[in-house]
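Raw contents of start35.cif, mmCIF, C-alpha atoms and all ligand atoms:
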data_final
loop_
_atom_site.label_atom_id
_atom_site.label_comp_id
_atom_site.auth_asym_id
_atom_site.auth_seq_id
_atom_site.Cartn_x
_atom_site.Cartn_y
_atom_site.Cartn_z
CA MET S 1 83.26 83.66 46.68
CA THR S 2 85.00 80.42 47.48
CA ARG S 3 83.94 78.75 50.65
CA SER S 4 86.52 77.82 53.15
CA PRO S 5 86.95 74.05 53.14
CA LEU S 6 86.43 74.25 56.89
CA ALA S 7 83.11 76.11 56.70
CA GLY S 8 80.42 74.14 58.41
CA ALA S 9 82.93 71.60 59.67
CA ARG S 10 82.62 70.75 63.31
CA ALA S 11 85.60 71.65 65.51
CA PRO S 12 87.15 68.49 66.85
CA ALA S 13 86.12 67.89 70.45
CA VAL S 14 88.73 69.23 72.85
CA PRO S 15 88.71 67.42 76.14
CA GLU S 16 87.74 69.82 78.94
CA VAL S 17 90.62 70.41 81.30
CA PRO S 18 89.35 71.55 84.67
CA VAL S 19 90.74 75.01 85.53
CA PRO S 20 92.17 75.04 89.04
CA PRO S 21 90.85 77.84 91.27
CA ASP S 22 92.76 81.16 91.16
CA VAL S 23 95.13 81.72 94.04
CA GLY S 24 95.70 85.05 95.79
CA SER S 25 95.21 88.60 94.56
CA VAL S 26 97.04 91.91 94.49
CA LEU S 27 95.61 92.56 97.96
CA ASP S 28 98.15 90.05 99.30
CA ALA S 29 100.80 92.69 98.48
CA VAL S 30 99.24 95.39 100.71
CA GLY S 31 101.42 96.13 103.74
CA ASP S 32 104.88 94.91 104.73
CA THR S 33 106.44 98.04 103.22
CA PRO S 34 110.06 98.90 104.06
CA LEU S 35 111.01 101.24 106.88
CA LEU S 36 114.07 103.43 106.16
CA ARG S 37 115.99 105.90 108.23
CA ILE S 38 116.95 109.04 106.34
CA GLU S 39 118.32 112.27 107.76
CA GLY S 40 117.69 110.91 111.23
CA ILE S 41 114.00 110.13 110.65
CA TRP S 42 112.28 106.76 110.28
CA VAL S 43 110.22 106.86 107.09
CA LYS S 44 107.71 104.18 106.15
CA LEU S 45 107.51 103.64 102.40
CA GLU S 46 103.74 103.47 102.13
CA PHE S 47 103.76 104.67 98.50
CA LEU S 48 104.89 101.13 97.58
CA ASN S 49 101.47 99.65 98.38
CA PRO S 50 99.34 98.47 95.42
CA SER S 51 97.38 101.48 94.04
CA GLY S 52 100.29 103.67 95.12
CA SER S 53 99.45 104.86 98.61
CA ILE S 54 99.05 104.30 102.31
CA LYS S 55 95.29 104.11 101.70
CA ALA S 56 95.48 100.57 100.32
CA ARG S 57 95.45 99.55 103.97
CA ILE S 58 92.22 101.21 105.12
CA ALA S 59 90.54 100.28 101.85
CA THR S 60 91.34 96.59 102.33
CA TYR S 61 90.64 96.64 106.07
CA MET S 62 87.34 98.57 105.91
CA ILE S 63 85.88 96.64 102.99
CA GLU S 64 86.81 93.24 104.44
CA ARG S 65 85.45 94.22 107.86
CA ALA S 66 82.19 95.40 106.27
CA GLU S 67 81.91 92.02 104.52
CA ARG S 68 82.53 90.16 107.77
CA GLU S 69 80.00 92.26 109.67
CA GLY S 70 77.34 91.82 106.95
CA LEU S 71 77.20 95.54 106.04
CA LEU S 72 78.44 94.89 102.51
CA ARG S 73 76.86 92.13 100.42
CA PRO S 74 77.56 90.83 96.91
CA GLY S 75 76.11 93.24 94.33
CA ASP S 76 76.21 96.28 96.63
CA THR S 77 77.88 99.45 95.35
CA ILE S 78 80.65 100.96 97.43
CA VAL S 79 80.54 104.77 97.49
CA GLU S 80 83.30 106.91 98.99
CA ALA S 81 84.25 110.59 98.97
CA SER S 82 87.96 111.07 98.43
CA SER S 83 90.42 113.67 97.27
CA GLY S 84 92.17 110.81 95.51
CA ASN S 85 94.13 108.10 97.24
CA THR S 86 91.33 106.43 99.19
CA GLY S 87 89.15 106.51 96.09
CA ASN S 88 91.91 104.85 94.06
CA ALA S 89 92.58 102.27 96.77
CA MET S 90 88.91 101.40 97.27
CA SER S 91 88.47 101.14 93.51
CA MET S 92 91.28 98.59 93.45
CA VAL S 93 89.76 96.55 96.30
CA ALA S 94 86.28 96.76 94.73
CA ALA S 95 87.73 95.53 91.40
CA VAL S 96 89.36 92.51 93.06
CA LYS S 97 86.21 91.65 94.97
CA GLY S 98 83.73 92.40 92.19
CA TYR S 99 81.78 95.29 93.72
CA PRO S 100 80.64 98.28 91.64
CA MET S 101 82.47 101.38 92.95
CA LEU S 102 81.49 105.04 92.88
CA VAL S 103 84.11 107.63 93.86
CA VAL S 104 82.93 111.17 94.58
CA MET S 105 85.74 113.70 94.17
CA PRO S 106 86.14 117.46 94.37
CA ARG S 107 86.41 118.96 90.88
CA ASN S 108 89.96 120.32 91.21
CA VAL S 109 91.94 117.23 92.15
CA SER S 110 94.52 116.15 89.58
CA THR S 111 92.98 114.47 86.55
CA GLU S 112 95.34 111.53 87.03
CA ARG S 113 93.56 110.62 90.25
CA ALA S 114 90.14 110.33 88.62
CA ALA S 115 91.70 108.41 85.73
CA ILE S 116 93.30 105.89 88.10
CA SER S 117 89.96 105.07 89.72
CA ARG S 118 88.43 104.66 86.26
CA ALA S 119 91.28 102.32 85.32
CA PHE S 120 90.11 100.09 88.17
CA GLY S 121 86.62 100.13 86.63
CA ALA S 122 85.09 102.63 89.05
CA GLU S 123 82.65 105.40 88.20
CA VAL S 124 83.90 108.86 89.19
CA ARG S 125 81.55 111.72 89.98
CA THR S 126 82.96 115.19 90.62
CA THR S 127 81.35 117.79 92.83
CA GLY S 128 82.39 120.95 94.69
CA ASP S 129 85.69 122.70 94.02
CA PHE S 130 89.02 122.29 95.78
CA HIS S 131 87.88 120.80 99.06
CA VAL S 132 86.14 117.52 99.68
CA ASN S 133 83.09 118.67 101.75
CA ALA S 134 80.51 118.59 98.95
CA ALA S 135 81.73 115.16 97.85
CA LEU S 136 81.41 113.97 101.42
CA GLU S 137 77.76 114.98 101.60
CA THR S 138 76.93 113.27 98.30
CA ALA S 139 78.64 110.02 99.39
CA ARG S 140 76.94 110.05 102.78
CA GLU S 141 73.48 110.54 101.24
CA LEU S 142 74.02 107.76 98.69
CA GLY S 143 75.41 105.48 101.38
CA GLU S 144 72.08 105.60 103.16
CA GLN S 145 70.26 104.16 100.14
CA PRO S 146 69.62 100.41 99.95
CA GLY S 147 72.26 98.57 97.90
CA TYR S 148 75.03 101.02 98.81
CA PHE S 149 77.81 100.86 101.37
CA ALA S 150 79.75 103.99 102.33
CA PRO S 151 82.95 103.26 104.32
CA GLN S 152 83.19 106.97 105.35
CA GLN S 153 86.91 107.17 106.05
CA PHE S 154 86.59 110.69 107.50
CA ASP S 155 84.22 109.59 110.25
CA SER S 156 84.69 105.87 110.78
CA GLU S 157 86.50 104.52 113.81
CA TRP S 158 87.53 101.55 111.64
CA ASN S 159 90.06 103.88 110.02
CA VAL S 160 91.79 104.35 113.41
CA ASP S 161 91.39 100.63 114.20
CA GLU S 162 93.30 99.68 111.05
CA ASN S 163 96.21 101.96 111.88
CA ARG S 164 96.34 100.84 115.52
CA THR S 165 96.21 97.12 114.68
CA TRP S 166 98.08 96.92 111.35
CA LEU S 167 100.32 99.83 110.32
CA GLY S 168 101.41 100.80 113.85
CA PRO S 169 102.42 97.29 115.03
CA GLU S 170 104.13 96.64 111.67
CA ILE S 171 106.42 99.66 112.26
CA LEU S 172 107.11 98.59 115.85
CA ARG S 173 108.24 95.18 114.58
CA GLN S 174 110.58 96.87 112.05
CA LEU S 175 112.32 99.24 114.47
CA PRO S 176 115.61 97.83 115.76
CA PRO S 177 115.25 95.91 119.02
CA GLY S 178 115.12 98.29 121.97
CA THR S 179 114.22 101.32 119.83
CA LEU S 180 111.11 103.07 121.08
CA PRO S 181 109.25 105.63 118.96
CA GLY S 182 109.28 109.06 120.60
CA ALA S 183 106.95 110.80 118.14
CA VAL S 184 104.82 110.17 115.09
CA VAL S 185 104.37 113.07 112.65
CA GLY S 186 102.00 113.34 109.73
CA GLY S 187 99.45 115.38 107.82
CA VAL S 188 95.75 115.05 108.47
CA GLY S 189 93.50 113.85 105.72
CA THR S 190 91.25 112.01 108.12
CA GLY S 191 93.72 111.90 111.02
CA GLY S 192 93.44 108.10 111.03
CA THR S 193 97.13 107.45 110.36
CA ILE S 194 98.76 109.58 113.07
CA ILE S 195 96.09 108.76 115.66
CA GLY S 196 95.94 104.99 115.11
CA VAL S 197 99.71 104.62 114.73
CA GLY S 198 100.22 106.92 117.74
CA GLN S 199 97.90 104.73 119.83
CA ALA S 200 99.94 101.65 118.88
CA PHE S 201 103.19 103.46 119.73
CA ARG S 202 101.82 104.55 123.11
CA GLU S 203 101.29 100.92 124.03
CA VAL S 204 105.09 100.55 124.09
CA ASN S 205 105.96 104.16 124.99
CA PRO S 206 103.15 106.02 126.80
CA GLU S 207 105.16 109.25 126.36
CA CYS S 208 105.11 109.02 122.55
CA ARG S 209 104.00 112.35 121.00
CA ILE S 210 101.39 112.56 118.26
CA VAL S 211 102.17 115.55 116.03
CA ALA S 212 99.77 116.73 113.32
CA MET S 213 101.16 118.70 110.37
CA GLU S 214 99.19 121.06 108.15
CA PRO S 215 100.02 123.55 105.38
CA ASN S 216 100.73 127.13 106.53
CA GLU S 217 98.42 128.40 103.79
CA SER S 218 95.42 126.57 105.24
CA CYS S 219 95.90 126.09 108.97
CA THR S 220 92.45 124.67 109.65
CA LEU S 221 93.31 122.64 112.76
CA ALA S 222 95.37 125.27 114.57
CA CYS S 223 93.59 128.49 113.55
CA GLY S 224 90.37 127.60 111.73
CA GLU S 225 91.53 128.96 108.37
CA ILE S 226 90.60 127.30 105.09
CA ASP S 227 92.43 128.19 101.91
CA LYS S 228 94.06 126.64 98.88
CA HIS S 229 97.37 124.85 99.29
CA LEU S 230 99.59 122.49 97.30
CA ILE S 231 99.79 119.46 99.59
CA GLU S 232 97.13 117.25 98.03
CA GLY S 233 95.60 114.54 100.18
CA ILE S 234 95.75 116.40 103.49
CA SER S 235 93.91 119.40 104.99
CA ASP S 236 90.82 119.06 102.84
CA GLY S 237 89.11 122.19 104.18
CA PHE S 238 87.30 120.92 107.26
CA VAL S 239 88.02 119.20 110.56
CA PRO S 240 87.22 115.53 109.92
CA GLY S 241 85.16 113.58 112.45
CA VAL S 242 88.01 111.15 113.18
CA PHE S 243 90.40 113.98 114.08
CA ALA S 244 87.76 115.88 116.08
CA ARG S 245 86.95 112.81 118.20
CA HIS S 246 90.61 112.15 118.96
CA ARG S 247 91.88 115.72 119.12
CA HIS S 248 92.67 115.35 122.84
CA GLU S 249 95.22 112.64 121.95
CA VAL S 250 97.14 114.98 119.62
CA ASP S 251 100.00 116.81 121.39
CA GLU S 252 100.98 119.38 118.79
CA ILE S 253 99.99 120.89 115.48
CA VAL S 254 102.84 122.16 113.30
CA ALA S 255 102.74 124.00 109.96
CA VAL S 256 104.82 123.66 106.79
CA ASP S 257 104.82 125.95 103.73
CA SER S 258 103.58 124.24 100.57
CA ALA S 259 106.62 125.54 98.66
CA ASP S 260 109.08 124.07 101.20
CA ALA S 261 107.18 120.77 101.15
CA LEU S 262 107.47 120.60 97.36
CA ARG S 263 111.20 121.37 97.50
CA GLN S 264 111.70 118.55 100.01
CA CYS S 265 109.53 116.26 97.90
CA ARG S 266 111.67 116.79 94.76
CA GLU S 267 114.79 116.32 96.87
CA LEU S 268 113.51 112.90 97.97
CA GLY S 269 113.52 111.80 94.33
CA ARG S 270 116.87 113.31 93.38
CA ARG S 271 118.78 112.31 96.46
CA TYR S 272 117.22 109.03 97.55
CA GLY S 273 115.37 107.76 94.48
CA LEU S 274 112.08 108.11 96.35
CA PHE S 275 109.59 109.45 93.80
CA VAL S 276 106.73 110.54 96.06
CA GLY S 277 103.94 113.09 96.38
CA PRO S 278 103.99 116.49 98.15
CA SER S 279 102.63 115.26 101.50
CA SER S 280 105.68 113.00 101.83
CA GLY S 281 107.96 116.04 101.49
CA ALA S 282 105.87 117.92 104.05
CA HIS S 283 105.98 114.95 106.46
CA LEU S 284 109.77 114.59 106.29
CA LEU S 285 110.32 118.33 106.63
CA ALA S 286 108.06 118.57 109.68
CA ALA S 287 109.78 115.54 111.23
CA LYS S 288 113.29 116.97 110.64
CA ARG S 289 112.33 120.32 112.20
CA LEU S 290 110.87 118.52 115.19
CA ARG S 291 114.08 116.54 115.60
CA ARG S 292 116.18 119.71 115.35
CA ASP S 293 114.07 121.68 117.83
CA ARG S 294 113.28 118.86 120.26
CA PRO S 295 116.11 116.32 120.28
CA GLU S 296 114.85 114.98 123.60
CA LEU S 297 111.91 113.33 121.78
CA GLY S 298 114.22 110.62 120.43
CA GLU S 299 113.15 108.50 117.45
CA ILE S 300 110.64 110.11 115.10
CA VAL S 301 108.50 108.17 112.63
CA THR S 302 106.73 109.51 109.55
CA PHE S 303 105.26 108.30 106.24
CA LEU S 304 105.94 108.63 102.54
CA ALA S 305 102.25 108.41 101.81
CA ASP S 306 101.90 108.24 98.02
CA GLU S 307 103.89 107.89 94.82
CA GLY S 308 104.83 110.83 92.62
CA GLU S 309 103.57 109.77 89.22
CA LYS S 310 100.12 111.24 89.56
CA TYR S 311 101.65 114.65 90.29
CA LEU S 312 103.94 114.67 87.25
CA THR S 313 102.20 117.36 85.26
CA GLU S 314 101.39 119.41 88.37
CA HIS S 315 104.66 119.45 90.26
CA PHE S 316 107.52 117.72 88.51
CA ASP S 317 107.45 118.57 84.80
N1 LIG V 1 99.16 111.99 102.53
C1 LIG V 1 98.41 111.70 101.47
C2 LIG V 1 98.98 111.84 100.10
C3 LIG V 1 97.09 111.27 101.64
O1 LIG V 1 96.33 110.98 100.57
C4 LIG V 1 96.57 111.16 102.95
C5 LIG V 1 95.15 110.70 103.15
N2 LIG V 1 94.20 111.36 102.39
C6 LIG V 1 97.37 111.50 104.04
C7 LIG V 1 98.68 111.89 103.78
C8 LIG V 1 96.87 111.52 105.45
O2 LIG V 1 96.27 110.36 105.91
P1 LIG V 1 95.07 110.32 106.95
O3 LIG V 1 93.80 110.34 106.17
O4 LIG V 1 95.26 109.04 107.66
O5 LIG V 1 95.15 111.49 107.87
#

Give the structure from this file in structure tokens form.
Amino acid sequence: MTRSPLAGARAPAVPEVPVPPDVGSVLDAVGDTPLLRIEGIWVKLEFLNPSGSIKARIATYMIERAEREGLLRPGDTIVEASSGNTGNAMSMVAAVKGYPMLVVMPRNVSTERAAISRAFGAEVRTTGDFHVNAALETARELGEQPGYFAPQQFDSEWNVDENRTWLGPEILRQLPPGTLPGAVVGGVGTGGTIIGVGQAFREVNPECRIVAMEPNESCTLACGEIDKHLIEGISDGFVPGVFARHRHEVDEIVAVDSADALRQCRELGRRYGLFVGPSSGAHLLAAKRLRRDRPELGEIVTFLADEGEKYLTEHFD
């Protein structure tokens, strides 16, 4: 074997160029999403947030607040129960900030959701079946161990705080001058979005209605029923602490059929180029019905909560 003439030769010294510090991160792109008006309804395009959903906001807000308040320290593991979007969003924030992340998910959520968290370097543990209760228990128990921090989106008031101080005021700034929101409509995963945004809206219009939407097949809030449905990300099979604490602030609970929600969801892609998940279809449908039945409410605001790609095999193929 011939030896390379360079073998054993010393590499010429390369002068060290100091690397300037990195600037910014993907978290700078969270928020400031467009607000559109379609079919008479104001829709906030939250699926455009990094990690693909509205939950990028609470993930960023809760993790940064925990850092500021000394509840989360370098090296700690973040553990959160999630049917998908919050887990994905927290995995993204944990990746940027260098925390190990453990997402506990119910077994039957779409495989894409678990894969997305793994793509951000998180560990995913599955437990329970369709609903998130078992995952919640596991995350809560782990969160009590030293070296762990559990944001607990379903119970934490920080979730409402984010929506009252960030998402809600952002929408108010985007509405045309002199336009007051008359109602906010949305599904309840935690309840944080409609309650926090509703609180912000009531600061400018105390009459603003907060309307919760849930699937007909599993009307847990209105009639205590728990069953399977197709609107992933909302109505996880229990009444979350956030919603229970603020229930008195919610004016109405309306129901939408999963099948109608999916039809509306596909229509959003075909007609407006908005490729979004089933809850977005359900939100728009509930908002349009409210507008039809109660025109006196005035301007109605809702959310396109997450992007459609992770539902491709389930609902679009
Ligand atoms: N839509 C989707 C797709 C969601 O993932 C969620 C939150 N899990 C919601 C709506 C409802 O948000 P909230 O938790 O604020 O009630």

With a cut-off of 9 Å, could you pull out the residues of chain S touching ligand LIG 1 (chain V) and give me the nearest pair of atoms for each, distance in Å to one decimal, using all atoms listed in the file, ordered by chain and ascending number, as JSON lines?
{"residue": "S:Phe47", "atom": "CA", "partner": "V:LIG1", "partner_atom": "C2", "distance": 8.8}
{"residue": "S:Ser53", "atom": "CA", "partner": "V:LIG1", "partner_atom": "O1", "distance": 7.1}
{"residue": "S:Ile54", "atom": "CA", "partner": "V:LIG1", "partner_atom": "C3", "distance": 7.3}
{"residue": "S:Lys55", "atom": "CA", "partner": "V:LIG1", "partner_atom": "C5", "distance": 6.7}
{"residue": "S:Ile58", "atom": "CA", "partner": "V:LIG1", "partner_atom": "O4", "distance": 8.8}
{"residue": "S:Ser82", "atom": "CA", "partner": "V:LIG1", "partner_atom": "N2", "distance": 7.4}
{"residue": "S:Ser83", "atom": "CA", "partner": "V:LIG1", "partner_atom": "N2", "distance": 6.8}
{"residue": "S:Gly84", "atom": "CA", "partner": "V:LIG1", "partner_atom": "O1", "distance": 6.6}
{"residue": "S:Asn85", "atom": "CA", "partner": "V:LIG1", "partner_atom": "O1", "distance": 4.9}
{"residue": "S:Thr86", "atom": "CA", "partner": "V:LIG1", "partner_atom": "N2", "distance": 6.5}
{"residue": "S:Gln153", "atom": "CA", "partner": "V:LIG1", "partner_atom": "O3", "distance": 7.6}
{"residue": "S:Phe154", "atom": "CA", "partner": "V:LIG1", "partner_atom": "O3", "distance": 7.3}
{"residue": "S:Asn159", "atom": "CA", "partner": "V:LIG1", "partner_atom": "O4", "distance": 7.7}
{"residue": "S:Val160", "atom": "CA", "partner": "V:LIG1", "partner_atom": "O4", "distance": 8.2}
{"residue": "S:Asn163", "atom": "CA", "partner": "V:LIG1", "partner_atom": "O4", "distance": 8.3}
{"residue": "S:Gly186", "atom": "CA", "partner": "V:LIG1", "partner_atom": "C8", "distance": 6.9}
{"residue": "S:Gly187", "atom": "CA", "partner": "V:LIG1", "partner_atom": "C8", "distance": 5.2}
{"residue": "S:Val188", "atom": "CA", "partner": "V:LIG1", "partner_atom": "O5", "distance": 3.7}
{"residue": "S:Gly189", "atom": "CA", "partner": "V:LIG1", "partner_atom": "O3", "distance": 3.6}
{"residue": "S:Thr190", "atom": "CA", "partner": "V:LIG1", "partner_atom": "O3", "distance": 3.6}
{"residue": "S:Gly191", "atom": "CA", "partner": "V:LIG1", "partner_atom": "O5", "distance": 3.5}
{"residue": "S:Gly192", "atom": "CA", "partner": "V:LIG1", "partner_atom": "O4", "distance": 3.9}
{"residue": "S:Thr193", "atom": "CA", "partner": "V:LIG1", "partner_atom": "O4", "distance": 3.6}
{"residue": "S:Ile194", "atom": "CA", "partner": "V:LIG1", "partner_atom": "O4", "distance": 6.5}
{"residue": "S:Ile195", "atom": "CA", "partner": "V:LIG1", "partner_atom": "O4", "distance": 8.0}
{"residue": "S:Gly196", "atom": "CA", "partner": "V:LIG1", "partner_atom": "O4", "distance": 8.5}
{"residue": "S:Ala212", "atom": "CA", "partner": "V:LIG1", "partner_atom": "O5", "distance": 8.9}
{"residue": "S:Ile231", "atom": "CA", "partner": "V:LIG1", "partner_atom": "C2", "distance": 7.7}
{"residue": "S:Glu232", "atom": "CA", "partner": "V:LIG1", "partner_atom": "C2", "distance": 6.1}
{"residue": "S:Gly233", "atom": "CA", "partner": "V:LIG1", "partner_atom": "O1", "distance": 3.7}
{"residue": "S:Ile234", "atom": "CA", "partner": "V:LIG1", "partner_atom": "C6", "distance": 5.2}
{"residue": "S:Ser235", "atom": "CA", "partner": "V:LIG1", "partner_atom": "C8", "distance": 8.4}
{"residue": "S:Asp236", "atom": "CA", "partner": "V:LIG1", "partner_atom": "N2", "distance": 8.4}
{"residue": "S:Val242", "atom": "CA", "partner": "V:LIG1", "partner_atom": "O5", "distance": 8.9}
{"residue": "S:Phe243", "atom": "CA", "partner": "V:LIG1", "partner_atom": "O5", "distance": 8.2}
{"residue": "S:Val276", "atom": "CA", "partner": "V:LIG1", "partner_atom": "C2", "distance": 8.8}
{"residue": "S:Gly277", "atom": "CA", "partner": "V:LIG1", "partner_atom": "C2", "distance": 6.3}
{"residue": "S:Pro278", "atom": "CA", "partner": "V:LIG1", "partner_atom": "C2", "distance": 7.1}
{"residue": "S:Ser279", "atom": "CA", "partner": "V:LIG1", "partner_atom": "N1", "distance": 4.9}
{"residue": "S:Ser280", "atom": "CA", "partner": "V:LIG1", "partner_atom": "N1", "distance": 6.6}
{"residue": "S:His283", "atom": "CA", "partner": "V:LIG1", "partner_atom": "C7", "distance": 8.4}
{"residue": "S:Phe303", "atom": "CA", "partner": "V:LIG1", "partner_atom": "C7", "distance": 7.9}
{"residue": "S:Leu304", "atom": "CA", "partner": "V:LIG1", "partner_atom": "N1", "distance": 7.6}
{"residue": "S:Ala305", "atom": "CA", "partner": "V:LIG1", "partner_atom": "N1", "distance": 4.8}
{"residue": "S:Asp306", "atom": "CA", "partner": "V:LIG1", "partner_atom": "C2", "distance": 5.1}
{"residue": "S:Glu307", "atom": "CA", "partner": "V:LIG1", "partner_atom": "C2", "distance": 8.2}

Just-selected residues, C-alpha atoms written as a PDB file, in the coordinates of the input:
ATOM      1  CA  PHE S  47     103.760 104.670  98.500  1.00  0.00           C
ATOM      2  CA  SER S  53      99.450 104.860  98.610  1.00  0.00           C
ATOM      3  CA  ILE S  54      99.050 104.300 102.310  1.00  0.00           C
ATOM      4  CA  LYS S  55      95.290 104.110 101.700  1.00  0.00           C
ATOM      5  CA  ILE S  58      92.220 101.210 105.120  1.00  0.00           C
ATOM      6  CA  SER S  82      87.960 111.070  98.430  1.00  0.00           C
ATOM      7  CA  SER S  83      90.420 113.670  97.270  1.00  0.00           C
ATOM      8  CA  GLY S  84      92.170 110.810  95.510  1.00  0.00           C
ATOM      9  CA  ASN S  85      94.130 108.100  97.240  1.00  0.00           C
ATOM     10  CA  THR S  86      91.330 106.430  99.190  1.00  0.00           C
ATOM     11  CA  GLN S 153      86.910 107.170 106.050  1.00  0.00           C
ATOM     12  CA  PHE S 154      86.590 110.690 107.500  1.00  0.00           C
ATOM     13  CA  ASN S 159      90.060 103.880 110.020  1.00  0.00           C
ATOM     14  CA  VAL S 160      91.790 104.350 113.410  1.00  0.00           C
ATOM     15  CA  ASN S 163      96.210 101.960 111.880  1.00  0.00           C
ATOM     16  CA  GLY S 186     102.000 113.340 109.730  1.00  0.00           C
ATOM     17  CA  GLY S 187      99.450 115.380 107.820  1.00  0.00           C
ATOM     18  CA  VAL S 188      95.750 115.050 108.470  1.00  0.00           C
ATOM     19  CA  GLY S 189      93.500 113.850 105.720  1.00  0.00           C
ATOM     20  CA  THR S 190      91.250 112.010 108.120  1.00  0.00           C
ATOM     21  CA  GLY S 191      93.720 111.900 111.020  1.00  0.00           C
ATOM     22  CA  GLY S 192      93.440 108.100 111.030  1.00  0.00           C
ATOM     23  CA  THR S 193      97.130 107.450 110.360  1.00  0.00           C
ATOM     24  CA  ILE S 194      98.760 109.580 113.070  1.00  0.00           C
ATOM     25  CA  ILE S 195      96.090 108.760 115.660  1.00  0.00           C
ATOM     26  CA  GLY S 196      95.940 104.990 115.110  1.00  0.00           C
ATOM     27  CA  ALA S 212      99.770 116.730 113.320  1.00  0.00           C
ATOM     28  CA  ILE S 231      99.790 119.460  99.590  1.00  0.00           C
ATOM     29  CA  GLU S 232      97.130 117.250  98.030  1.00  0.00           C
ATOM     30  CA  GLY S 233      95.600 114.540 100.180  1.00  0.00           C
ATOM     31  CA  ILE S 234      95.750 116.400 103.490  1.00  0.00           C
ATOM     32  CA  SER S 235      93.910 119.400 104.990  1.00  0.00           C
ATOM     33  CA  ASP S 236      90.820 119.060 102.840  1.00  0.00           C
ATOM     34  CA  VAL S 242      88.010 111.150 113.180  1.00  0.00           C
ATOM     35  CA  PHE S 243      90.400 113.980 114.080  1.00  0.00           C
ATOM     36  CA  VAL S 276     106.730 110.540  96.060  1.00  0.00           C
ATOM     37  CA  GLY S 277     103.940 113.090  96.380  1.00  0.00           C
ATOM     38  CA  PRO S 278     103.990 116.490  98.150  1.00  0.00           C
ATOM     39  CA  SER S 279     102.630 115.260 101.500  1.00  0.00           C
ATOM     40  CA  SER S 280     105.680 113.000 101.830  1.00  0.00           C
ATOM     41  CA  HIS S 283     105.980 114.950 106.460  1.00  0.00           C
ATOM     42  CA  PHE S 303     105.260 108.300 106.240  1.00  0.00           C
ATOM     43  CA  LEU S 304     105.940 108.630 102.540  1.00  0.00           C
ATOM     44  CA  ALA S 305     102.250 108.410 101.810  1.00  0.00           C
ATOM     45  CA  ASP S 306     101.900 108.240  98.020  1.00  0.00           C
ATOM     46  CA  GLU S 307     103.890 107.890  94.820  1.00  0.00           C
TER      47      GLU S 307
END

Practice task
Quote the spacing between CA of Glu214 in chain S and CA of Glu267 in chain S in Å to one decimal place.
Solution key: 19.8 Å

Handout entry: Top pick for closest residue to Lys288 in chain S, considering S:Leu71, S:Val26, S:Ala134, S:Ile41 and counting only C-alpha atoms
Key =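 So, comparing all the options, the nearest one is S:Ile41.
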
Fill in the blank from the handout: Closest of S:Gly24, S:Gly87, S:Gly269, S:Pro34 to Asn49 in chain S, counting all atoms listed in the file, is S:Pro34

Practice task
Using only C-alpha atoms, find all polymer residues with an atom at most 12 Å away from the point (109.4, 118.5, 124.0); report them as a ChimeraX atom specification.
Solution key: /S:182-183,207-211,251-252,290-298

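Residues lying within 8 Å of Ile63 in chain S, counting only C-alpha atoms and ignoring same-chain neighbours fewer than 3 positions away, are Ala59, Thr60, Ala66, Glu67, Leu72, Val93 and Pro151 of chain S.
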
Determine, for each residue of range 104-169 of chain S having at least one atom at most 12 Å from an atom of range 76-79 of chain S, the closest pair of atoms and their separation in Å to one decimal, counting only C-alpha atoms; order by chain and ascending number, as CSV.
residue,atom,partner,partner_atom,distance
S:Val104,CA,S:Val79,CA,7.4
S:Met105,CA,S:Val79,CA,10.9
S:Ala122,CA,S:Ile78,CA,9.6
S:Glu123,CA,S:Val79,CA,9.5
S:Val124,CA,S:Val79,CA,9.8
S:Arg125,CA,S:Val79,CA,10.3
S:Ala135,CA,S:Val79,CA,10.5
S:Leu136,CA,S:Val79,CA,10.0
S:Glu137,CA,S:Val79,CA,11.4
S:Thr138,CA,S:Val79,CA,9.3
S:Ala139,CA,S:Val79,CA,5.9
S:Arg140,CA,S:Val79,CA,8.3
S:Glu141,CA,S:Val79,CA,9.9
S:Leu142,CA,S:Val79,CA,7.3
S:Gly143,CA,S:Val79,CA,6.5
S:Glu144,CA,S:Val79,CA,10.2
S:Gln145,CA,S:Thr77,CA,10.2
S:Pro146,CA,S:Asp76,CA,8.5
S:Gly147,CA,S:Asp76,CA,4.7
S:Tyr148,CA,S:Thr77,CA,4.7
S:Phe149,CA,S:Ile78,CA,4.9
S:Ala150,CA,S:Val79,CA,5.0
S:Pro151,CA,S:Val79,CA,7.4
S:Gln152,CA,S:Val79,CA,8.6
S:Gln153,CA,S:Val79,CA,10.9

Handout entry: Pairwise distance for CA of Arg37 in chain S and CA of Ala287 in chain S, rounded to one decimal in Å
Key = 11.9 Å

Handout entry: Of the listed residues S:Ile38, S:Gly75, S:Glu203, S:Phe238, that which approaches Val132 in chain S most closely, counting only C-alpha atoms
Key = S:Phe238

Can you tell me, as a PDB file with C-alpha atoms, in the coordinates of the input, what residues are no more than 8 Å from Arg113 in chain S when counting all atoms listed in the file, ignoring any on the same chain fewer than 2 positions away?
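And here's around27.pdb as it stands now:
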ATOM      1  CA  GLY S  84      92.170 110.810  95.510  1.00  0.00           C
ATOM      2  CA  ASN S  85      94.130 108.100  97.240  1.00  0.00           C
ATOM      3  CA  ASN S  88      91.910 104.850  94.060  1.00  0.00           C
ATOM      4  CA  VAL S 109      91.940 117.230  92.150  1.00  0.00           C
ATOM      5  CA  SER S 110      94.520 116.150  89.580  1.00  0.00           C
ATOM      6  CA  THR S 111      92.980 114.470  86.550  1.00  0.00           C
ATOM      7  CA  ALA S 115      91.700 108.410  85.730  1.00  0.00           C
ATOM      8  CA  ILE S 116      93.300 105.890  88.100  1.00  0.00           C
ATOM      9  CA  SER S 117      89.960 105.070  89.720  1.00  0.00           C
ATOM     10  CA  LYS S 310     100.120 111.240  89.560  1.00  0.00           C
TER      11      LYS S 310
END
